[in-house]
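Student: Provided herewith is a single structure, encoded as structure tokens, for subsequent inquiry.
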Amino acid sequence: MRNVLVVISGPSGVGKGTLVDLLLQEDAGLVKSVSCTTRAPREGERDGVSYYFITPQEFRSRIAENDFLEYDEHFGNFYGTPRSFVERQLRAHSVILEIDVVGALNAKRLMPRDTVLIMVAPPSQEELEARLAVRGSESDEERAARLRRVKYELDQAPLYDYVVVNDDLQRTKAEILSIIRKEKEKIV
């Protein structure tokens, strides 16, 4: 079986982080890639585990050194995936990334044979709005900006290999695990 780069994307509040945690618990062959960001940590997030929290100056320096598989700026902050980590891990494991649609499409462009794009969609706009409100990690303005981005993100779904609706965590987890197994068995 081959190792694959599994990219999970979807709108804020759709449950990507929770799903990734469940996938990692279920499949010991998966390793999570930790992205770099210039945003401030949210409550409970830890440097090197949730993200590598770095300065905008350090991020720009790493861009200049071609140190990212993909990177993007949105909501006023940079986010990027360290290229060397992904390449090193793919030699022994499949790697899972939780990144936005721009980063996902960049990763697919740079590593087309290894990358599997999975879009996680909400069951409805109303459900997504409710999840963001309950999460409570953004201000009203930040939440409104995230909701405005939903249409753009979901419009990119036809560019993904798979689209999975997260209407039930356990069912969605099982569907994604099935996709990963199928992709690992492909001969490319």
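Following the order of the structure tokens, chains are lettered A, B, ..., residues in each are numbered from 1, and ligands are numbered from 1.
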Show me, as a PDB file with C-alpha atoms, in the first residue's frame, the residues that have an atom within 10 Å of Tyr79 in chain A when counting only C-alpha atoms, minus same-chain residues fewer than 2 positions from it.
Tutor:
ATOM      1  CA  SER A  35       0.719  23.997  10.077  1.00  0.00           C
ATOM      2  CA  CYS A  36       2.364  27.317  10.814  1.00  0.00           C
ATOM      3  CA  THR A  37       0.245  30.405  11.446  1.00  0.00           C
ATOM      4  CA  THR A  38       0.702  34.033  12.351  1.00  0.00           C
ATOM      5  CA  ARG A  39      -2.601  34.236  14.238  1.00  0.00           C
ATOM      6  CA  TYR A  51      -0.086  25.039  15.097  1.00  0.00           C
ATOM      7  CA  TYR A  52       3.387  26.472  15.089  1.00  0.00           C
ATOM      8  CA  PHE A  53       2.643  30.060  16.083  1.00  0.00           C
ATOM      9  CA  ILE A  54       5.220  32.272  14.385  1.00  0.00           C
ATOM     10  CA  PHE A  59       6.564  33.422   7.968  1.00  0.00           C
ATOM     11  CA  PHE A  68       6.023  25.674   2.543  1.00  0.00           C
ATOM     12  CA  GLU A  70       1.299  25.553   0.528  1.00  0.00           C
ATOM     13  CA  TYR A  71       0.454  28.800   2.246  1.00  0.00           C
ATOM     14  CA  ASP A  72      -2.271  31.401   2.196  1.00  0.00           C
ATOM     15  CA  GLU A  73      -3.370  34.542   3.911  1.00  0.00           C
ATOM     16  CA  HIS A  74      -6.948  34.940   5.064  1.00  0.00           C
ATOM     17  CA  ASN A  77      -3.238  35.912   9.079  1.00  0.00           C
ATOM     18  CA  THR A  81       2.283  23.668   5.704  1.00  0.00           C
ATOM     19  CA  ILE A  99      -6.225  23.338   5.469  1.00  0.00           C
ATOM     20  CA  ASP A 100      -8.331  25.796   3.499  1.00  0.00           C
ATOM     21  CA  GLY A 103      -3.880  25.584   0.271  1.00  0.00           C
TER      22      GLY A 103
END
Student: Mind listing the alpha helix (DSSP H) residues of range 1-157 of chain A, per DSSP on the backbone, as a PDB file with N, CA and C atoms, in the first residue's frame?
Tutor:
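Listing of selection-v6.pdb after writing:
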ATOM      1  N   LYS A  16     -14.087  19.983  10.972  1.00  0.00           N
ATOM      2  CA  LYS A  16     -12.840  19.427  10.434  1.00  0.00           C
ATOM      3  C   LYS A  16     -11.901  18.980  11.545  1.00  0.00           C
ATOM      4  N   GLY A  17     -11.674  19.834  12.529  1.00  0.00           N
ATOM      5  CA  GLY A  17     -10.739  19.508  13.613  1.00  0.00           C
ATOM      6  C   GLY A  17     -11.166  18.286  14.394  1.00  0.00           C
ATOM      7  N   THR A  18     -12.433  18.208  14.704  1.00  0.00           N
ATOM      8  CA  THR A  18     -12.959  17.050  15.437  1.00  0.00           C
ATOM      9  C   THR A  18     -12.803  15.782  14.606  1.00  0.00           C
ATOM     10  N   LEU A  19     -13.114  15.871  13.320  1.00  0.00           N
ATOM     11  CA  LEU A  19     -12.974  14.699  12.442  1.00  0.00           C
ATOM     12  C   LEU A  19     -11.524  14.253  12.335  1.00  0.00           C
ATOM     13  N   VAL A  20     -10.616  15.205  12.183  1.00  0.00           N
ATOM     14  CA  VAL A  20      -9.199  14.844  12.087  1.00  0.00           C
ATOM     15  C   VAL A  20      -8.754  14.135  13.361  1.00  0.00           C
ATOM     16  N   ASP A  21      -9.166  14.634  14.521  1.00  0.00           N
ATOM     17  CA  ASP A  21      -8.813  13.977  15.779  1.00  0.00           C
ATOM     18  C   ASP A  21      -9.348  12.545  15.819  1.00  0.00           C
ATOM     19  N   LEU A  22     -10.591  12.343  15.383  1.00  0.00           N
ATOM     20  CA  LEU A  22     -11.173  10.997  15.365  1.00  0.00           C
ATOM     21  C   LEU A  22     -10.441  10.088  14.380  1.00  0.00           C
ATOM     22  N   LEU A  23     -10.073  10.615  13.223  1.00  0.00           N
ATOM     23  CA  LEU A  23      -9.348   9.820  12.229  1.00  0.00           C
ATOM     24  C   LEU A  23      -7.992   9.386  12.759  1.00  0.00           C
ATOM     25  N   LEU A  24      -7.302  10.283  13.448  1.00  0.00           N
ATOM     26  CA  LEU A  24      -5.992   9.958  14.014  1.00  0.00           C
ATOM     27  C   LEU A  24      -6.106   8.892  15.103  1.00  0.00           C
ATOM     28  N   GLN A  25      -7.181   8.933  15.886  1.00  0.00           N
ATOM     29  CA  GLN A  25      -7.401   7.917  16.923  1.00  0.00           C
ATOM     30  C   GLN A  25      -7.689   6.552  16.307  1.00  0.00           C
ATOM     31  N   GLU A  26      -8.365   6.553  15.180  1.00  0.00           N
ATOM     32  CA  GLU A  26      -8.814   5.314  14.545  1.00  0.00           C
ATOM     33  C   GLU A  26      -7.734   4.653  13.684  1.00  0.00           C
ATOM     34  N   PRO A  56       4.796  37.193  11.685  1.00  0.00           N
ATOM     35  CA  PRO A  56       4.673  37.450  10.246  1.00  0.00           C
ATOM     36  C   PRO A  56       6.040  37.561   9.561  1.00  0.00           C
ATOM     37  N   GLN A  57       7.021  38.111  10.247  1.00  0.00           N
ATOM     38  CA  GLN A  57       8.360  38.237   9.671  1.00  0.00           C
ATOM     39  C   GLN A  57       8.976  36.855   9.427  1.00  0.00           C
ATOM     40  N   GLU A  58       8.849  35.954  10.398  1.00  0.00           N
ATOM     41  CA  GLU A  58       9.388  34.601  10.229  1.00  0.00           C
ATOM     42  C   GLU A  58       8.658  33.878   9.101  1.00  0.00           C
ATOM     43  N   PHE A  59       7.342  34.071   9.020  1.00  0.00           N
ATOM     44  CA  PHE A  59       6.564  33.422   7.968  1.00  0.00           C
ATOM     45  C   PHE A  59       7.060  33.880   6.596  1.00  0.00           C
ATOM     46  N   ARG A  60       7.226  35.197   6.419  1.00  0.00           N
ATOM     47  CA  ARG A  60       7.694  35.729   5.134  1.00  0.00           C
ATOM     48  C   ARG A  60       9.081  35.189   4.789  1.00  0.00           C
ATOM     49  N   SER A  61       9.929  35.061   5.784  1.00  0.00           N
ATOM     50  CA  SER A  61      11.267  34.518   5.566  1.00  0.00           C
ATOM     51  C   SER A  61      11.187  33.077   5.069  1.00  0.00           C
ATOM     52  N   ARG A  62      10.293  32.288   5.651  1.00  0.00           N
ATOM     53  CA  ARG A  62      10.146  30.894   5.241  1.00  0.00           C
ATOM     54  C   ARG A  62       9.524  30.772   3.847  1.00  0.00           C
ATOM     55  N   ILE A  63       8.673  31.736   3.480  1.00  0.00           N
ATOM     56  CA  ILE A  63       8.150  31.768   2.105  1.00  0.00           C
ATOM     57  C   ILE A  63       9.310  31.968   1.139  1.00  0.00           C
ATOM     58  N   ALA A  64      10.158  32.921   1.452  1.00  0.00           N
ATOM     59  CA  ALA A  64      11.311  33.233   0.588  1.00  0.00           C
ATOM     60  C   ALA A  64      12.239  32.028   0.445  1.00  0.00           C
ATOM     61  N   ARG A  83       6.825  22.059   4.099  1.00  0.00           N
ATOM     62  CA  ARG A  83       7.055  21.077   3.043  1.00  0.00           C
ATOM     63  C   ARG A  83       7.924  19.916   3.512  1.00  0.00           C
ATOM     64  N   SER A  84       9.011  20.222   4.215  1.00  0.00           N
ATOM     65  CA  SER A  84       9.956  19.172   4.614  1.00  0.00           C
ATOM     66  C   SER A  84       9.297  18.138   5.526  1.00  0.00           C
ATOM     67  N   PHE A  85       8.414  18.579   6.416  1.00  0.00           N
ATOM     68  CA  PHE A  85       7.723  17.650   7.311  1.00  0.00           C
ATOM     69  C   PHE A  85       6.881  16.663   6.502  1.00  0.00           C
ATOM     70  N   VAL A  86       6.094  17.177   5.571  1.00  0.00           N
ATOM     71  CA  VAL A  86       5.203  16.322   4.786  1.00  0.00           C
ATOM     72  C   VAL A  86       6.004  15.313   3.977  1.00  0.00           C
ATOM     73  N   GLU A  87       7.033  15.779   3.283  1.00  0.00           N
ATOM     74  CA  GLU A  87       7.832  14.868   2.456  1.00  0.00           C
ATOM     75  C   GLU A  87       8.501  13.784   3.295  1.00  0.00           C
ATOM     76  N   ARG A  88       9.011  14.160   4.450  1.00  0.00           N
ATOM     77  CA  ARG A  88       9.681  13.196   5.341  1.00  0.00           C
ATOM     78  C   ARG A  88       8.677  12.168   5.870  1.00  0.00           C
ATOM     79  N   GLN A  89       7.517  12.616   6.299  1.00  0.00           N
ATOM     80  CA  GLN A  89       6.520  11.718   6.866  1.00  0.00           C
ATOM     81  C   GLN A  89       5.918  10.769   5.831  1.00  0.00           C
ATOM     82  N   LEU A  90       5.769  11.226   4.598  1.00  0.00           N
ATOM     83  CA  LEU A  90       5.170  10.379   3.556  1.00  0.00           C
ATOM     84  C   LEU A  90       6.014   9.146   3.252  1.00  0.00           C
ATOM     85  N   VAL A 101      -9.214  25.820   1.241  1.00  0.00           N
ATOM     86  CA  VAL A 101      -9.311  25.371  -0.143  1.00  0.00           C
ATOM     87  C   VAL A 101      -8.147  25.857  -1.008  1.00  0.00           C
ATOM     88  N   VAL A 102      -7.674  27.062  -0.786  1.00  0.00           N
ATOM     89  CA  VAL A 102      -6.554  27.565  -1.581  1.00  0.00           C
ATOM     90  C   VAL A 102      -5.319  26.700  -1.335  1.00  0.00           C
ATOM     91  N   GLY A 103      -5.015  26.429  -0.071  1.00  0.00           N
ATOM     92  CA  GLY A 103      -3.880  25.584   0.271  1.00  0.00           C
ATOM     93  C   GLY A 103      -4.040  24.176  -0.257  1.00  0.00           C
ATOM     94  N   ALA A 104      -5.258  23.644  -0.183  1.00  0.00           N
ATOM     95  CA  ALA A 104      -5.510  22.289  -0.667  1.00  0.00           C
ATOM     96  C   ALA A 104      -5.220  22.176  -2.160  1.00  0.00           C
ATOM     97  N   LEU A 105      -5.695  23.141  -2.919  1.00  0.00           N
ATOM     98  CA  LEU A 105      -5.481  23.103  -4.365  1.00  0.00           C
ATOM     99  C   LEU A 105      -4.003  23.292  -4.705  1.00  0.00           C
ATOM    100  N   ASN A 106      -3.289  24.089  -3.926  1.00  0.00           N
ATOM    101  CA  ASN A 106      -1.838  24.236  -4.130  1.00  0.00           C
ATOM    102  C   ASN A 106      -1.111  22.924  -3.839  1.00  0.00           C
ATOM    103  N   ALA A 107      -1.491  22.251  -2.762  1.00  0.00           N
ATOM    104  CA  ALA A 107      -0.866  20.972  -2.418  1.00  0.00           C
ATOM    105  C   ALA A 107      -1.105  19.949  -3.537  1.00  0.00           C
ATOM    106  N   LYS A 108      -2.320  19.911  -4.053  1.00  0.00           N
ATOM    107  CA  LYS A 108      -2.658  18.972  -5.140  1.00  0.00           C
ATOM    108  C   LYS A 108      -1.836  19.288  -6.382  1.00  0.00           C
ATOM    109  N   ARG A 109      -1.621  20.576  -6.652  1.00  0.00           N
ATOM    110  CA  ARG A 109      -0.841  20.985  -7.822  1.00  0.00           C
ATOM    111  C   ARG A 109       0.621  20.554  -7.676  1.00  0.00           C
ATOM    112  N   LEU A 110       1.170  20.667  -6.465  1.00  0.00           N
ATOM    113  CA  LEU A 110       2.581  20.328  -6.243  1.00  0.00           C
ATOM    114  C   LEU A 110       2.820  18.834  -6.062  1.00  0.00           C
ATOM    115  N   GLN A 125     -26.718  25.476   5.790  1.00  0.00           N
ATOM    116  CA  GLN A 125     -26.159  26.768   6.200  1.00  0.00           C
ATOM    117  C   GLN A 125     -26.582  27.093   7.640  1.00  0.00           C
ATOM    118  N   GLU A 126     -27.807  26.780   7.977  1.00  0.00           N
ATOM    119  CA  GLU A 126     -28.318  27.074   9.327  1.00  0.00           C
ATOM    120  C   GLU A 126     -27.548  26.282  10.386  1.00  0.00           C
ATOM    121  N   GLU A 127     -27.276  25.019  10.087  1.00  0.00           N
ATOM    122  CA  GLU A 127     -26.517  24.192  11.028  1.00  0.00           C
ATOM    123  C   GLU A 127     -25.103  24.740  11.206  1.00  0.00           C
ATOM    124  N   LEU A 128     -24.490  25.170  10.119  1.00  0.00           N
ATOM    125  CA  LEU A 128     -23.142  25.733  10.195  1.00  0.00           C
ATOM    126  C   LEU A 128     -23.133  27.004  11.045  1.00  0.00           C
ATOM    127  N   GLU A 129     -24.099  27.868  10.841  1.00  0.00           N
ATOM    128  CA  GLU A 129     -24.185  29.099  11.635  1.00  0.00           C
ATOM    129  C   GLU A 129     -24.347  28.774  13.114  1.00  0.00           C
ATOM    130  N   ALA A 130     -25.155  27.781  13.423  1.00  0.00           N
ATOM    131  CA  ALA A 130     -25.366  27.383  14.820  1.00  0.00           C
ATOM    132  C   ALA A 130     -24.073  26.835  15.428  1.00  0.00           C
ATOM    133  N   ARG A 131     -23.338  26.023  14.684  1.00  0.00           N
ATOM    134  CA  ARG A 131     -22.077  25.470  15.186  1.00  0.00           C
ATOM    135  C   ARG A 131     -21.065  26.577  15.484  1.00  0.00           C
ATOM    136  N   LEU A 132     -20.972  27.563  14.591  1.00  0.00           N
ATOM    137  CA  LEU A 132     -20.039  28.670  14.822  1.00  0.00           C
ATOM    138  C   LEU A 132     -20.436  29.481  16.050  1.00  0.00           C
ATOM    139  N   ALA A 133     -21.716  29.691  16.223  1.00  0.00           N
ATOM    140  CA  ALA A 133     -22.188  30.458  17.383  1.00  0.00           C
ATOM    141  C   ALA A 133     -21.870  29.725  18.679  1.00  0.00           C
ATOM    142  N   VAL A 134     -22.078  28.415  18.702  1.00  0.00           N
ATOM    143  CA  VAL A 134     -21.812  27.609  19.900  1.00  0.00           C
ATOM    144  C   VAL A 134     -20.321  27.563  20.198  1.00  0.00           C
ATOM    145  N   ARG A 135     -19.499  27.479  19.150  1.00  0.00           N
ATOM    146  CA  ARG A 135     -18.047  27.422  19.326  1.00  0.00           C
ATOM    147  C   ARG A 135     -17.545  28.638  20.090  1.00  0.00           C
ATOM    148  N   ASP A 140     -18.170  38.590  16.802  1.00  0.00           N
ATOM    149  CA  ASP A 140     -19.278  38.629  15.843  1.00  0.00           C
ATOM    150  C   ASP A 140     -18.776  38.993  14.446  1.00  0.00           C
ATOM    151  N   GLU A 141     -17.827  39.929  14.377  1.00  0.00           N
ATOM    152  CA  GLU A 141     -17.281  40.349  13.076  1.00  0.00           C
ATOM    153  C   GLU A 141     -16.505  39.209  12.413  1.00  0.00           C
ATOM    154  N   GLU A 142     -15.693  38.502  13.196  1.00  0.00           N
ATOM    155  CA  GLU A 142     -14.928  37.374  12.645  1.00  0.00           C
ATOM    156  C   GLU A 142     -15.865  36.263  12.171  1.00  0.00           C
ATOM    157  N   ARG A 143     -16.904  35.998  12.959  1.00  0.00           N
ATOM    158  CA  ARG A 143     -17.862  34.961  12.574  1.00  0.00           C
ATOM    159  C   ARG A 143     -18.577  35.349  11.278  1.00  0.00           C
ATOM    160  N   ALA A 144     -18.946  36.617  11.144  1.00  0.00           N
ATOM    161  CA  ALA A 144     -19.604  37.086   9.917  1.00  0.00           C
ATOM    162  C   ALA A 144     -18.674  36.936   8.714  1.00  0.00           C
ATOM    163  N   ALA A 145     -17.388  37.246   8.896  1.00  0.00           N
ATOM    164  CA  ALA A 145     -16.421  37.090   7.800  1.00  0.00           C
ATOM    165  C   ALA A 145     -16.292  35.627   7.408  1.00  0.00           C
ATOM    166  N   ARG A 146     -16.264  34.734   8.381  1.00  0.00           N
ATOM    167  CA  ARG A 146     -16.160  33.303   8.084  1.00  0.00           C
ATOM    168  C   ARG A 146     -17.400  32.815   7.329  1.00  0.00           C
ATOM    169  N   LEU A 147     -18.559  33.304   7.724  1.00  0.00           N
ATOM    170  CA  LEU A 147     -19.794  32.895   7.045  1.00  0.00           C
ATOM    171  C   LEU A 147     -19.850  33.428   5.614  1.00  0.00           C
ATOM    172  N   ARG A 148     -19.292  34.606   5.373  1.00  0.00           N
ATOM    173  CA  ARG A 148     -19.251  35.137   4.004  1.00  0.00           C
ATOM    174  C   ARG A 148     -18.356  34.278   3.116  1.00  0.00           C
ATOM    175  N   ARG A 149     -17.359  33.624   3.695  1.00  0.00           N
ATOM    176  CA  ARG A 149     -16.416  32.813   2.926  1.00  0.00           C
ATOM    177  C   ARG A 149     -16.986  31.428   2.579  1.00  0.00           C
ATOM    178  N   VAL A 150     -18.047  31.006   3.246  1.00  0.00           N
ATOM    179  CA  VAL A 150     -18.610  29.666   3.065  1.00  0.00           C
ATOM    180  C   VAL A 150     -18.957  29.386   1.602  1.00  0.00           C
ATOM    181  N   LYS A 151     -19.649  30.303   0.951  1.00  0.00           N
ATOM    182  CA  LYS A 151     -20.059  30.070  -0.437  1.00  0.00           C
ATOM    183  C   LYS A 151     -18.844  29.848  -1.324  1.00  0.00           C
ATOM    184  N   TYR A 152     -17.811  30.681  -1.183  1.00  0.00           N
ATOM    185  CA  TYR A 152     -16.594  30.511  -1.978  1.00  0.00           C
ATOM    186  C   TYR A 152     -15.995  29.117  -1.746  1.00  0.00           C
ATOM    187  N   GLU A 153     -15.876  28.720  -0.480  1.00  0.00           N
ATOM    188  CA  GLU A 153     -15.258  27.426  -0.172  1.00  0.00           C
ATOM    189  C   GLU A 153     -16.063  26.276  -0.766  1.00  0.00           C
ATOM    190  N   LEU A 154     -17.364  26.295  -0.572  1.00  0.00           N
ATOM    191  CA  LEU A 154     -18.194  25.201  -1.086  1.00  0.00           C
ATOM    192  C   LEU A 154     -18.268  25.205  -2.615  1.00  0.00           C
ATOM    193  N   ASP A 155     -18.097  26.366  -3.247  1.00  0.00           N
ATOM    194  CA  ASP A 155     -18.057  26.426  -4.703  1.00  0.00           C
ATOM    195  C   ASP A 155     -16.829  25.711  -5.273  1.00  0.00           C
TER     196      ASP A 155
END
Student: Tell me, counting only C-alpha atoms, for each residue of range 73-159 of chain A within 6 Å of range 1-11 of chain A, which pair of atoms is nearest and how far apart they are in Å to one decimal, in rows ordered by chain and increasing number, as a tab-separated table.
Tutor:
residue	atom	partner	partner_atom	distance
A:Leu90	CA	A:Asn3	CA	6.0
A:His93	CA	A:Asn3	CA	5.7
A:Ser94	CA	A:Asn3	CA	4.5
A:Val95	CA	A:Leu5	CA	4.9
A:Ile96	CA	A:Val6	CA	4.6
A:Leu97	CA	A:Val7	CA	4.8
A:Glu98	CA	A:Ile8	CA	4.8
A:Ile99	CA	A:Ser9	CA	5.5
A:Asp100	CA	A:Ser9	CA	5.3
A:Asp114	CA	A:Val4	CA	5.0
A:Thr115	CA	A:Leu5	CA	4.6
A:Val116	CA	A:Val6	CA	5.0
A:Leu117	CA	A:Val7	CA	4.9
A:Ile118	CA	A:Ile8	CA	5.1
A:Met119	CA	A:Ser9	CA	4.9
A:Val120	CA	A:Gly10	CA	4.9
A:Ala121	CA	A:Gly10	CA	5.9
A:Val150	CA	A:Pro11	CA	5.4
Student: Restricting it to C-alpha atoms, dump the selection as a tab-separated table (two decimals), in the first residue's frame.
Tutor:
chain	number	residue	atom	x	y	z
A	90	LEU	CA	5.17	10.38	3.56
A	93	HIS	CA	3.08	7.21	6.95
A	94	SER	CA	0.08	8.77	5.35
A	95	VAL	CA	-0.20	12.42	6.33
A	96	ILE	CA	-3.40	14.30	7.09
A	97	LEU	CA	-3.72	18.06	6.67
A	98	GLU	CA	-6.56	20.31	7.74
A	99	ILE	CA	-6.23	23.34	5.47
A	100	ASP	CA	-8.33	25.80	3.50
A	114	ASP	CA	0.07	11.67	-3.52
A	115	THR	CA	-2.69	14.13	-2.61
A	116	VAL	CA	-6.33	13.22	-1.94
A	117	LEU	CA	-8.66	16.19	-1.46
A	118	ILE	CA	-11.71	15.70	0.79
A	119	MET	CA	-14.19	18.55	1.22
A	120	VAL	CA	-16.27	18.36	4.41
A	121	ALA	CA	-19.58	20.14	3.89
A	150	VAL	CA	-18.61	29.67	3.07
Student: At what distance in Å, to one decimal, does CA of Ser178 in chain A lie from CA of Asp161 in chain A?
Tutor: 13.5 Å
Student: CA of Gly80 in chain A and CA of Ser33 in chain A, how far apart in Å?
Tutor: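 A separation of 10.4 Å between them.
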Student: Go through A:Arg91, A:Val165, A:Phe78, A:Gly44 and flag the residue nearest Val31 in chain A, using only C-alpha atoms for the distances.
Tutor: A:Arg91
